[in-house]
file final.cif (mmCIF, C-alpha atoms)
data_input
loop_
_atom_site.group_PDB
_atom_site.id
_atom_site.type_symbol
_atom_site.label_atom_id
_atom_site.label_comp_id
_atom_site.auth_asym_id
_atom_site.auth_seq_id
_atom_site.Cartn_x
_atom_site.Cartn_y
_atom_site.Cartn_z
ATOM 1 C CA MET V 1 -0.716 -19.370 4.962
ATOM 2 C CA ALA V 2 -4.261 -20.218 4.005
ATOM 3 C CA GLU V 3 -4.184 -17.513 1.330
ATOM 4 C CA GLU V 4 -0.985 -18.944 -0.161
ATOM 5 C CA GLN V 5 -2.451 -22.444 -0.160
ATOM 6 C CA ARG V 6 -5.531 -21.204 -2.019
ATOM 7 C CA ARG V 7 -3.316 -19.402 -4.493
ATOM 8 C CA ALA V 8 -1.302 -22.568 -5.062
ATOM 9 C CA ARG V 9 -4.525 -24.312 -6.070
ATOM 10 C CA TYR V 10 -5.339 -21.483 -8.469
ATOM 11 C CA LEU V 11 -1.928 -21.777 -10.080
ATOM 12 C CA GLU V 12 -2.413 -25.525 -10.365
ATOM 13 C CA ALA V 13 -5.694 -24.862 -12.210
ATOM 14 C CA LEU V 14 -3.690 -22.767 -14.655
ATOM 15 C CA GLY V 15 -1.275 -25.646 -15.149
ATOM 16 C CA ILE V 16 1.800 -23.730 -13.971
ATOM 17 C CA GLU V 17 4.283 -24.009 -11.149
ATOM 18 C CA GLN V 18 4.028 -21.677 -8.189
ATOM 19 C CA TRP V 19 6.079 -18.520 -8.121
ATOM 20 C CA VAL V 20 7.227 -16.661 -5.036
ATOM 21 C CA ARG V 21 5.451 -13.465 -4.190
ATOM 22 C CA ARG V 22 7.562 -10.431 -3.434
ATOM 23 C CA ALA V 23 6.402 -7.711 -1.076
ATOM 24 C CA MET V 24 4.094 -5.279 -2.790
ATOM 25 C CA PRO V 25 5.252 -1.650 -2.909
ATOM 26 C CA ALA V 26 3.552 0.643 -0.457
ATOM 27 C CA GLU V 27 2.273 2.720 -3.360
ATOM 28 C CA VAL V 28 -0.252 0.083 -4.370
ATOM 29 C CA SER V 29 -1.689 -0.733 -0.955
ATOM 30 C CA GLU V 30 -5.446 -0.341 -0.679
ATOM 31 C CA ALA V 31 -5.043 2.081 2.205
ATOM 32 C CA ASP V 32 -3.157 4.492 -0.054
ATOM 33 C CA THR V 33 -5.585 4.212 -2.953
ATOM 34 C CA PRO V 34 -7.855 7.267 -3.223
ATOM 35 C CA ALA V 35 -11.555 6.579 -3.442
ATOM 36 C CA ILE V 36 -13.231 7.404 -6.734
ATOM 37 C CA SER V 37 -16.480 9.276 -6.438
ATOM 38 C CA LEU V 38 -19.101 8.125 -8.918
ATOM 39 C CA GLY V 39 -22.601 9.338 -9.476
ATOM 40 C CA GLU V 40 -25.001 6.595 -8.497
ATOM 41 C CA SER V 41 -27.595 8.049 -10.828
ATOM 42 C CA ASP V 42 -25.185 7.572 -13.758
ATOM 43 C CA TRP V 43 -24.975 3.851 -13.046
ATOM 44 C CA ILE V 44 -28.718 3.518 -12.570
ATOM 45 C CA THR V 45 -29.379 5.312 -15.839
ATOM 46 C CA LEU V 46 -26.841 3.219 -17.733
ATOM 47 C CA GLN V 47 -28.166 -0.036 -16.285
ATOM 48 C CA ALA V 48 -31.689 0.921 -17.308
ATOM 49 C CA CYS V 49 -30.530 1.741 -20.840
ATOM 50 C CA VAL V 50 -28.833 -1.644 -21.177
ATOM 51 C CA ARG V 51 -31.756 -3.535 -19.638
ATOM 52 C CA ASN V 52 -34.244 -1.980 -22.055
ATOM 53 C CA CYS V 53 -31.980 -1.901 -25.111
ATOM 54 C CA GLN V 54 -33.404 -2.980 -28.451
ATOM 55 C CA ARG V 55 -30.739 -1.490 -30.702
ATOM 56 C CA CYS V 56 -29.996 -4.779 -32.439
ATOM 57 C CA SER V 57 -31.730 -8.099 -33.030
ATOM 58 C CA LEU V 58 -30.045 -9.799 -30.070
ATOM 59 C CA HIS V 59 -32.781 -8.479 -27.784
ATOM 60 C CA GLN V 60 -35.208 -10.846 -29.488
ATOM 61 C CA THR V 61 -33.437 -13.991 -28.276
ATOM 62 C CA ARG V 62 -31.914 -12.989 -24.936
ATOM 63 C CA THR V 63 -33.179 -14.165 -21.575
ATOM 64 C CA GLN V 64 -31.815 -11.001 -19.988
ATOM 65 C CA THR V 65 -29.047 -8.506 -20.531
ATOM 66 C CA VAL V 66 -25.676 -8.972 -18.858
ATOM 67 C CA PHE V 67 -24.622 -5.540 -17.660
ATOM 68 C CA GLY V 68 -21.499 -6.283 -15.665
ATOM 69 C CA VAL V 69 -20.494 -6.985 -12.085
ATOM 70 C CA GLY V 70 -17.916 -5.972 -9.516
ATOM 71 C CA ASP V 71 -16.451 -2.907 -7.868
ATOM 72 C CA PRO V 72 -17.622 0.263 -9.694
ATOM 73 C CA ALA V 73 -14.475 2.021 -8.490
ATOM 74 C CA ALA V 74 -12.073 -0.812 -9.341
ATOM 75 C CA GLN V 75 -8.507 -0.186 -10.427
ATOM 76 C CA TRP V 76 -8.679 -3.259 -12.677
ATOM 77 C CA MET V 77 -11.321 -3.836 -15.316
ATOM 78 C CA VAL V 78 -11.860 -7.128 -17.120
ATOM 79 C CA VAL V 79 -13.485 -7.050 -20.556
ATOM 80 C CA GLY V 80 -14.731 -10.190 -22.272
ATOM 81 C CA GLU V 81 -16.530 -10.821 -25.520
ATOM 82 C CA ALA V 82 -20.215 -11.693 -25.097
ATOM 83 C CA PRO V 83 -22.476 -13.631 -22.717
ATOM 84 C CA GLY V 84 -22.832 -17.381 -23.151
ATOM 85 C CA VAL V 85 -25.715 -19.580 -22.148
ATOM 86 C CA ASP V 86 -24.831 -19.518 -18.436
ATOM 87 C CA GLU V 87 -24.366 -15.766 -18.431
ATOM 88 C CA ASP V 88 -27.655 -15.256 -20.274
ATOM 89 C CA ARG V 89 -29.411 -17.364 -17.642
ATOM 90 C CA GLN V 90 -27.805 -15.762 -14.588
ATOM 91 C CA GLY V 91 -27.387 -12.201 -15.833
ATOM 92 C CA GLU V 92 -23.708 -12.095 -14.816
ATOM 93 C CA PRO V 93 -20.558 -12.204 -16.977
ATOM 94 C CA PHE V 94 -17.989 -14.989 -16.756
ATOM 95 C CA VAL V 95 -19.859 -17.724 -14.909
ATOM 96 C CA GLY V 96 -19.737 -21.473 -15.490
ATOM 97 C CA ALA V 97 -16.459 -23.227 -16.325
ATOM 98 C CA ALA V 98 -14.921 -20.200 -18.056
ATOM 99 C CA GLY V 99 -15.860 -18.029 -15.097
ATOM 100 C CA GLN V 100 -14.247 -20.423 -12.649
ATOM 101 C CA LEU V 101 -11.046 -20.382 -14.664
ATOM 102 C CA LEU V 102 -11.149 -16.577 -14.844
ATOM 103 C CA ASN V 103 -11.501 -16.434 -11.054
ATOM 104 C CA ALA V 104 -8.427 -18.654 -10.714
ATOM 105 C CA MET V 105 -6.486 -16.497 -13.161
ATOM 106 C CA LEU V 106 -7.329 -13.318 -11.253
ATOM 107 C CA ALA V 107 -6.612 -14.880 -7.869
ATOM 108 C CA ALA V 108 -3.203 -15.983 -9.130
ATOM 109 C CA ILE V 109 -2.232 -12.299 -9.337
ATOM 110 C CA TYR V 110 -3.963 -11.459 -6.059
ATOM 111 C CA LEU V 111 -7.182 -10.086 -7.515
ATOM 112 C CA PRO V 112 -10.357 -11.424 -5.880
ATOM 113 C CA ARG V 113 -13.208 -11.391 -8.380
ATOM 114 C CA GLU V 114 -15.146 -8.842 -6.332
ATOM 115 C CA SER V 115 -12.217 -6.396 -6.428
ATOM 116 C CA VAL V 116 -12.405 -5.863 -10.214
ATOM 117 C CA PHE V 117 -15.169 -4.733 -12.546
ATOM 118 C CA ILE V 118 -16.115 -7.304 -15.188
ATOM 119 C CA ALA V 119 -18.046 -6.535 -18.370
ATOM 120 C CA ASN V 120 -18.445 -7.726 -21.940
ATOM 121 C CA VAL V 121 -18.264 -5.949 -25.276
ATOM 122 C CA VAL V 122 -21.786 -7.187 -26.057
ATOM 123 C CA LYS V 123 -24.453 -7.289 -23.349
ATOM 124 C CA CYS V 124 -26.752 -9.916 -24.892
ATOM 125 C CA ARG V 125 -25.980 -13.512 -25.799
ATOM 126 C CA PRO V 126 -25.538 -14.195 -29.520
ATOM 127 C CA PRO V 127 -27.576 -17.291 -30.496
ATOM 128 C CA GLY V 128 -25.581 -20.499 -30.394
ATOM 129 C CA ASN V 129 -22.725 -18.685 -28.641
ATOM 130 C CA ARG V 130 -21.489 -17.413 -32.004
ATOM 131 C CA ASP V 131 -19.215 -14.377 -32.176
ATOM 132 C CA PRO V 132 -21.101 -11.082 -32.134
ATOM 133 C CA ARG V 133 -21.541 -9.552 -35.563
ATOM 134 C CA PRO V 134 -19.964 -6.187 -36.382
ATOM 135 C CA GLU V 135 -23.330 -4.432 -36.477
ATOM 136 C CA GLU V 136 -24.169 -5.817 -33.036
ATOM 137 C CA VAL V 137 -20.874 -4.625 -31.613
ATOM 138 C CA VAL V 138 -21.372 -1.164 -33.089
ATOM 139 C CA GLN V 139 -24.692 -0.794 -31.294
ATOM 140 C CA CYS V 140 -23.428 -2.138 -27.956
ATOM 141 C CA LEU V 141 -19.888 -0.795 -27.681
ATOM 142 C CA PRO V 142 -20.975 2.676 -26.420
ATOM 143 C CA TYR V 143 -22.296 0.989 -23.281
ATOM 144 C CA LEU V 144 -18.868 -0.466 -22.566
ATOM 145 C CA HIS V 145 -17.159 2.843 -23.236
ATOM 146 C CA ARG V 146 -19.521 4.489 -20.753
ATOM 147 C CA GLN V 147 -18.746 1.826 -18.163
ATOM 148 C CA ILE V 148 -15.028 2.458 -18.611
ATOM 149 C CA SER V 149 -15.545 6.199 -18.191
ATOM 150 C CA LEU V 150 -17.472 5.631 -14.955
ATOM 151 C CA VAL V 151 -15.114 3.066 -13.440
ATOM 152 C CA ARG V 152 -11.961 4.896 -14.600
ATOM 153 C CA PRO V 153 -9.769 1.806 -14.139
ATOM 154 C CA LEU V 154 -6.017 2.092 -13.920
ATOM 155 C CA ILE V 155 -5.659 -0.871 -16.283
ATOM 156 C CA ILE V 156 -7.889 -3.077 -18.469
ATOM 157 C CA LEU V 157 -7.459 -6.787 -19.165
ATOM 158 C CA ALA V 158 -8.997 -7.670 -22.536
ATOM 159 C CA PHE V 159 -9.809 -11.370 -22.766
ATOM 160 C CA GLY V 160 -10.259 -12.768 -26.251
ATOM 161 C CA ARG V 161 -10.086 -11.586 -29.844
ATOM 162 C CA VAL V 162 -13.454 -9.817 -29.923
ATOM 163 C CA ALA V 163 -12.684 -7.793 -26.803
ATOM 164 C CA ALA V 164 -9.152 -6.921 -27.860
ATOM 165 C CA GLN V 165 -9.875 -5.969 -31.455
ATOM 166 C CA ASN V 166 -12.917 -3.870 -30.630
ATOM 167 C CA LEU V 167 -11.349 -2.038 -27.711
ATOM 168 C CA LEU V 168 -8.312 -1.247 -29.857
ATOM 169 C CA ASN V 169 -10.205 -0.758 -33.135
ATOM 170 C CA THR V 170 -7.921 -3.117 -35.011
ATOM 171 C CA GLU V 171 -8.033 -6.347 -36.967
ATOM 172 C CA THR V 172 -4.589 -7.440 -35.798
ATOM 173 C CA PRO V 173 -4.619 -11.076 -34.590
ATOM 174 C CA ILE V 174 -4.619 -11.486 -30.826
ATOM 175 C CA GLY V 175 -1.308 -13.327 -30.913
ATOM 176 C CA LYS V 176 0.363 -10.158 -32.192
ATOM 177 C CA LEU V 177 -1.404 -7.924 -29.663
ATOM 178 C CA ARG V 178 -0.104 -9.813 -26.639
ATOM 179 C CA GLY V 179 2.915 -8.706 -24.647
ATOM 180 C CA ARG V 180 2.488 -4.970 -25.198
ATOM 181 C CA VAL V 181 0.754 -2.111 -23.453
ATOM 182 C CA HIS V 182 -1.948 -0.633 -25.646
ATOM 183 C CA ARG V 183 -3.859 2.550 -24.900
ATOM 184 C CA SER V 184 -7.326 3.440 -26.059
ATOM 185 C CA GLY V 185 -10.379 5.552 -25.371
ATOM 186 C CA ALA V 186 -10.917 9.063 -24.113
ATOM 187 C CA LEU V 187 -8.997 8.245 -20.918
ATOM 188 C CA ASN V 188 -6.084 6.654 -22.810
ATOM 189 C CA THR V 189 -6.428 3.650 -20.498
ATOM 190 C CA PRO V 190 -3.669 1.009 -20.653
ATOM 191 C CA ILE V 191 -4.953 -2.299 -22.078
ATOM 192 C CA ILE V 192 -3.294 -5.710 -21.801
ATOM 193 C CA VAL V 193 -4.503 -8.407 -24.198
ATOM 194 C CA THR V 194 -4.661 -12.147 -23.549
ATOM 195 C CA TYR V 195 -6.645 -15.242 -24.495
ATOM 196 C CA HIS V 196 -10.191 -15.878 -23.310
ATOM 197 C CA PRO V 197 -10.745 -18.486 -20.552
ATOM 198 C CA ALA V 198 -13.155 -20.373 -22.826
ATOM 199 C CA TYR V 199 -10.355 -20.667 -25.395
ATOM 200 C CA LEU V 200 -8.054 -22.054 -22.703
ATOM 201 C CA LEU V 201 -10.602 -24.708 -21.807
ATOM 202 C CA ARG V 202 -10.381 -25.909 -25.421
ATOM 203 C CA ASN V 203 -6.619 -25.343 -25.677
ATOM 204 C CA PRO V 204 -5.061 -25.923 -22.247
ATOM 205 C CA GLY V 205 -1.588 -25.838 -23.748
ATOM 206 C CA GLU V 206 -1.953 -22.066 -24.127
ATOM 207 C CA LYS V 207 -2.268 -21.448 -20.367
ATOM 208 C CA ARG V 208 1.440 -20.747 -20.081
ATOM 209 C CA LYS V 209 1.101 -17.789 -22.453
ATOM 210 C CA VAL V 210 -1.771 -16.375 -20.430
ATOM 211 C CA TRP V 211 0.236 -16.686 -17.235
ATOM 212 C CA GLU V 212 2.986 -14.607 -18.840
ATOM 213 C CA ASP V 213 0.371 -12.031 -19.858
ATOM 214 C CA LEU V 214 -1.018 -11.855 -16.326
ATOM 215 C CA LYS V 215 2.418 -11.374 -14.782
ATOM 216 C CA PHE V 216 3.117 -8.686 -17.362
ATOM 217 C CA ALA V 217 -0.161 -6.938 -16.504
ATOM 218 C CA ARG V 218 0.693 -7.029 -12.807
ATOM 219 C CA ARG V 219 4.099 -5.454 -13.454
ATOM 220 C CA ILE V 220 2.519 -2.685 -15.517
ATOM 221 C CA PHE V 221 -0.077 -2.096 -12.803
ATOM 222 C CA VAL V 222 2.625 -1.680 -10.155
ATOM 223 C CA GLU V 223 4.469 0.789 -12.393
ATOM 224 C CA LEU V 224 1.292 2.774 -13.033
ATOM 225 C CA SER V 225 0.392 2.777 -9.332
ATOM 226 C CA ALA V 226 3.777 4.200 -8.443
ATOM 227 C CA LYS V 227 3.121 7.162 -10.734
ATOM 228 C CA THR V 228 -0.328 8.053 -9.348
#

call {"tool": "encode", "arguments": {"input": "final.cif", "output": "structure tokens"}}
result
Amino acid sequence: MAEEQRRARYLEALGIEQWVRRAMPAEVSEADTPAISLGESDWITLQACVRNCQRCSLHQTRTQTVFGVGDPAAQWMVVGEAPGVDEDRQGEPFVGAAGQLLNAMLAAIYLPRESVFIANVVKCRPPGNRDPRPEEVVQCLPYLHRQISLVRPLIILAFGRVAAQNLLNTETPIGKLRGRVHRSGALNTPIIVTYHPAYLLRNPGEKRKVWEDLKFARRIFVELSAKT
């Protein structure tokens, strides 16, 4: 009951009415999910590369790099755009008001923050929280691709235009990318696109669309889990 009450508060934060949870299929229970074996040295090496990176000019203004956080064997991966001022200060993606809203969005589909892996396209904060420039993305995107290959998520949630367009290598507007399953990368990983939490803070009327995207992602995840 306490879990449902917490979830009701998360849904309220999204500005939507509560929906009734159906029993999850046995195929997607944690007990039936095989563990993914990852080389710890691979993560250590990648973290060191990101921490010491000077590939673009963003290293000159950063406080620290923002590598990513969460379960390195997660079935869900969240990809955002770039660190903001709070992320640059704390060294963790999606903190502050946008991070709190993201946590509520994930919890609304029964995903505690610690159960997913969260990363950004760009690992250093662009000055003034501007969008990362194409040349900055080009230098940083291989780090994200390596993270995806190590995590091997069953599904990726791409939050925001920068994340969606760069993961999918397209210039199609985010509004036209929503509502479909995209696949990309060497692993052909399914990607669901939706709006960034920071955008929702500025445009709360769009929360309904994101809720539809999250429910869609959950349905696709259940279908994928049944096939594995």

call {"tool": "atom_distance", "arguments": {"input": "final.cif", "atom1": "atom CA of Val137 of chain V", "atom2": "atom CA of Asn166 of chain V"}}
result
8.1 Å

call {"tool": "closest_atom_pairs", "arguments": {"input": "final.cif", "of": "segment 134-165 of chain V", "to": "segment 181-203 of chain V", "cutoff": "10 Å", "atoms": "only C-alpha atoms", "output": "Markdown table"}}
result
| residue | atom | partner | partner_atom | distance |
| --- | --- | --- | --- | --- |
| V:His145 | CA | V:Gly185 | CA | 7.6 |
| V:Ile148 | CA | V:Leu187 | CA | 8.7 |
| V:Ser149 | CA | V:Leu187 | CA | 7.4 |
| V:Arg152 | CA | V:Leu187 | CA | 7.7 |
| V:Pro153 | CA | V:Thr189 | CA | 7.4 |
| V:Leu154 | CA | V:Thr189 | CA | 6.8 |
| V:Ile155 | CA | V:Pro190 | CA | 5.2 |
| V:Ile156 | CA | V:Ile191 | CA | 4.7 |
| V:Leu157 | CA | V:Ile192 | CA | 5.0 |
| V:Ala158 | CA | V:Val193 | CA | 4.8 |
| V:Phe159 | CA | V:His196 | CA | 4.6 |
| V:Gly160 | CA | V:His196 | CA | 4.3 |
| V:Arg161 | CA | V:Tyr195 | CA | 7.3 |
| V:Val162 | CA | V:His196 | CA | 9.5 |
| V:Ala163 | CA | V:Val193 | CA | 8.6 |
| V:Ala164 | CA | V:Val193 | CA | 6.1 |
| V:Gln165 | CA | V:Val193 | CA | 9.4 |

call {"tool": "resolve_selection", "arguments": {"input": "final.cif", "expression": "the PyMOL selection byres ((chain V and resi 84-100) around 9)", "output": "ChimeraX atom specification"}}
result
/V:62-69,80,82-83,101-105,118-120,123-130,196-201

call {"tool": "resolve_selection", "arguments": {"input": "final.cif", "expression": "the PyMOL selection byres ((chain V and resi 72) around 7)", "output": "JSON, numbers by chain"}}
result
{"V": [70, 71, 73, 74, 117, 151]}

call {"tool": "atom_distance", "arguments": {"input": "final.cif", "atom1": "atom CA of Ser115 of chain V", "atom2": "atom CA of Met77 of chain V"}}
result
9.3 Å

call {"tool": "residues_around", "arguments": {"input": "final.cif", "residues": "Trp43 of chain V", "least_positions_apart": "3", "cutoff": "10 Å", "atoms": "all atoms listed in the file", "output": "list of chain:residue names"}}
result
V:Leu38, V:Gly39, V:Glu40, V:Leu46, V:Gln47, V:Ala48, V:Cys49, V:Pro72, V:Arg146, V:Gln147, V:Leu150, V:Val151
